[in-house]
Amino acid sequence: MELQGETERGEGDFVGMGRFAAVGTSRVIPPRHGSATNPFRRSSHMEEGGGHGAGDRISSLPDDILFSILLRIGSTRAAARTSVLSRRWRHVWARLPELRLGTCDVPPGATLLDSIDAALDACSAPAVQRLEVAMYCHGLRVHARRVAPWLRFASQRRVGDLYIEVPSKMKFFLSTPKPKKEELELPVCDGATRITLSLERQWRLRLSRVGSFTSLTDLHISCATMEGSELGALVSEQCPRLRNLYVFVRLAAASNVSIRSNSLDSLSFDVENTEKLEVIAPKLEVLTVCDATMADISAPKLAEISWDGDTGYDPLCHRFANAGRHLRLLDLGSKCVVASLMHRFDKVNVLKLNLNLCNFKGTEAYTNFLNETIALPKCEKLKLRVSLRDYDHSFASSMFHLLRNCNSTRKVSIKVDSGHLTVISMLLQMCPFIDGLVQGNFSPF
């Protein structure tokens, strides 16, 4: 790296950034003093803060304002590069309360990981409000041992908002060799209010049984392997203020998961190898469940349910104790309409049905669908998302059947994945209360 003028001191004196600033950085030669293209350049007299009149006024600003400026850059690595502008800026970036690392603007591999480690080593902030390490590099393999120091840093610096995402074979459908099983420990982060971990499916995420996440309100864990007992203990015993929980993981061995929380408001549960899910949460209002073989839910304030996966609702296997008969939202996946949860509730403000007509192959499947949807709960708004493909022969009859059974419905929205203009036109003419009808690629309602 070659720098001219006041900044030409070499990497050793380069704000102490070391590998972090130098990694992947091309040859940088800022304009010399007085260049109109570089308003930050100044005389050495001005750089020491002794100048007057028109000069560098940014560097004389208080640290909190400089922090605000650098945080708006959006990348800690980019913020560190501002060190070439002035001695005043050389250590400012290292005291930033937020660190955003890992973007693939440098060659992937060990170089990127080394730059992340260097940035954390150089950080001198006593407390960090947010640590974000997000790597979206396809094909980059990250080992658990490289992530462990980042978690320890978050624990020691009392990071408030922790976000770590590593490339996963599962997420990118990579044809790389199957990753080896590795272990990663999540230390107690008593200063964290929000933790988001998107890891590698083969990693065994270990949870410390000592200490508590006393401030944690939001926890998101995806693409990892866990122990059912550890997951239950974490939520039930170590997170007294947890309000929102999202888990998309697999259990190391088939087992039950028990969640007992007096603070939980929202739960999204998609955990492979769960034999039975038990939830006791007096404040729980929003529940999302995927493929629950058995479930026992005690949530008297439950107001929204999303049920998806290959396992449909079965009153013999799935029990909602203390739940009322009125919901704000009921959202059912395409394979859960038949033998569904609709009969459990009398009234739903918004009913969302995902219909995949490919599932209605044969007379028996279609007849079951008709029988199960005769008695729909009363709903003010019905939202249908229909996948047709080559099975459009049952589209019209399915739609008319559902609409006939929605006497209390005021608005209907329909989304289809391909154009069937004749049937769509007929629906609009016969059903003026249809609020909207969208064709093409699906988007969330």
# chains A, B, ... in the order shown; residues from 1 in each chain; ligands from 1
$ residues_around --residues "stretch 339-350 of chain A" --least-positions-apart "2" --cutoff "8 Å" --atoms "only C-alpha atoms" --output "list in words"
Gly312, Tyr313, Asp314, Gly324, Arg325, His326, Leu327, Arg328, Leu329, Leu330, Leu332, Cys336, Val337, Lys352, Glu372, Ala375, Leu376, Pro377, Lys378, Cys379, Glu380, Lys381, Leu382 and Lys383 of chain A
$ select_by_dssp --residues "stretch 201-317 of chain A" --states "helix (DSSP H, G or I)" --output "ChimeraX atom specification"
/A:228-237
$ residues_around --residues "stretch 195-211 of chain A" --least-positions-apart "4" --cutoff "8 Å" --atoms "only C-alpha atoms" --output "PDB file with C-alpha atoms, in the first residue's frame"
ATOM      1  CA  ALA A 144     -17.185 -23.469  13.961  1.00  0.00           C
ATOM      2  CA  ASP A 161     -27.711  -6.826  19.155  1.00  0.00           C
ATOM      3  CA  LEU A 162     -25.813  -9.859  17.842  1.00  0.00           C
ATOM      4  CA  TYR A 163     -26.249 -11.026  14.248  1.00  0.00           C
ATOM      5  CA  ILE A 164     -24.085 -13.803  12.793  1.00  0.00           C
ATOM      6  CA  GLU A 165     -24.803 -15.519   9.490  1.00  0.00           C
ATOM      7  CA  VAL A 166     -22.399 -17.939   7.844  1.00  0.00           C
ATOM      8  CA  PRO A 167     -22.724 -19.577   4.421  1.00  0.00           C
ATOM      9  CA  SER A 168     -24.539 -22.882   4.662  1.00  0.00           C
ATOM     10  CA  LYS A 169     -24.661 -25.749   2.224  1.00  0.00           C
ATOM     11  CA  MET A 170     -28.336 -26.097   3.054  1.00  0.00           C
ATOM     12  CA  PRO A 179     -19.462 -30.734   6.179  1.00  0.00           C
ATOM     13  CA  LYS A 180     -18.055 -32.520   9.191  1.00  0.00           C
ATOM     14  CA  LYS A 181     -19.886 -32.339  12.489  1.00  0.00           C
ATOM     15  CA  GLU A 182     -18.485 -29.563  14.647  1.00  0.00           C
ATOM     16  CA  GLU A 183     -19.426 -28.062  17.993  1.00  0.00           C
ATOM     17  CA  LEU A 184     -20.019 -24.414  18.783  1.00  0.00           C
ATOM     18  CA  GLU A 185     -20.785 -23.065  22.247  1.00  0.00           C
ATOM     19  CA  LEU A 186     -23.064 -20.093  22.750  1.00  0.00           C
ATOM     20  CA  PRO A 187     -21.757 -18.316  25.858  1.00  0.00           C
ATOM     21  CA  VAL A 188     -24.099 -16.368  28.075  1.00  0.00           C
ATOM     22  CA  LEU A 216     -32.704 -11.048  25.846  1.00  0.00           C
ATOM     23  CA  ASP A 218     -35.570 -11.736  20.692  1.00  0.00           C
ATOM     24  CA  LEU A 219     -33.855 -15.019  19.787  1.00  0.00           C
ATOM     25  CA  HIS A 220     -33.511 -16.439  16.270  1.00  0.00           C
ATOM     26  CA  ILE A 221     -31.588 -19.679  15.668  1.00  0.00           C
ATOM     27  CA  SER A 222     -31.554 -21.420  12.293  1.00  0.00           C
ATOM     28  CA  CYS A 223     -29.531 -24.116  10.533  1.00  0.00           C
ATOM     29  CA  ALA A 224     -27.971 -25.866  13.509  1.00  0.00           C
ATOM     30  CA  THR A 225     -28.243 -29.078  15.514  1.00  0.00           C
ATOM     31  CA  MET A 226     -29.268 -28.889  19.161  1.00  0.00           C
ATOM     32  CA  GLU A 227     -30.280 -31.002  22.121  1.00  0.00           C
ATOM     33  CA  GLU A 230     -30.895 -27.706  26.170  1.00  0.00           C
ATOM     34  CA  LEU A 231     -33.286 -25.814  23.920  1.00  0.00           C
ATOM     35  CA  LEU A 234     -32.580 -22.115  27.511  1.00  0.00           C
ATOM     36  CA  GLN A 238     -32.288 -18.752  31.181  1.00  0.00           C
ATOM     37  CA  VAL A 249     -33.069 -26.444  13.652  1.00  0.00           C
ATOM     38  CA  ARG A 250     -32.864 -30.193  14.020  1.00  0.00           C
ATOM     39  CA  ALA A 252     -29.466 -34.451  17.588  1.00  0.00           C
TER      40      ALA A 252
END
$ atom_distance --atom1 "atom CA of A:Arg385" --atom2 "atom CA of A:Asp265"
27.2 Å
$ atom_distance --atom1 "atom CA of A:Asp270" --atom2 "atom CA of A:Ala292"
7.9 Å
$ atom_distance --atom1 "atom CA of A:His401" --atom2 "atom CA of A:Tyr366"
11.5 Å
$ residues_around --residues "A:Leu402" --least-positions-apart "4" --cutoff "10 Å" --atoms "only C-alpha atoms" --output "PyMOL selection string"
chain A and resi 370+373-376+382+384+397-398+406-407
$ write_last_selection --atoms "C-alpha atoms" --output "short mmCIF file (atom, residue, chain, number, x, y, z; two decimals), in the first residue's frame"
data_model
loop_
_atom_site.label_atom_id
_atom_site.label_comp_id
_atom_site.auth_asym_id
_atom_site.auth_seq_id
_atom_site.Cartn_x
_atom_site.Cartn_y
_atom_site.Cartn_z
CA LEU A 370 -64.62 -30.62 -0.42
CA THR A 373 -64.02 -27.27 3.78
CA ILE A 374 -67.81 -27.35 4.00
CA ALA A 375 -67.87 -25.80 7.47
CA LEU A 376 -65.40 -22.95 7.36
CA LEU A 382 -60.34 -14.68 3.05
CA LEU A 384 -56.33 -17.66 -1.08
CA SER A 397 -64.90 -25.76 -8.89
CA SER A 398 -62.55 -25.38 -5.90
CA CYS A 406 -67.97 -17.89 3.02
CA ASN A 407 -71.30 -16.23 3.69
#
$ select_by_dssp --residues "stretch 217-321 of chain A" --states "strand (DSSP E)" --output "NGL selection string"
:A and (218-226 or 244-260 or 266-280 or 286-290 or 295-298 or 304-308 or 318-321)
$ closest_residue --among "A:His318, A:Arg243, A:Asn354, A:Pro97" --to "A:Lys276" --atoms "only C-alpha atoms"
A:His318
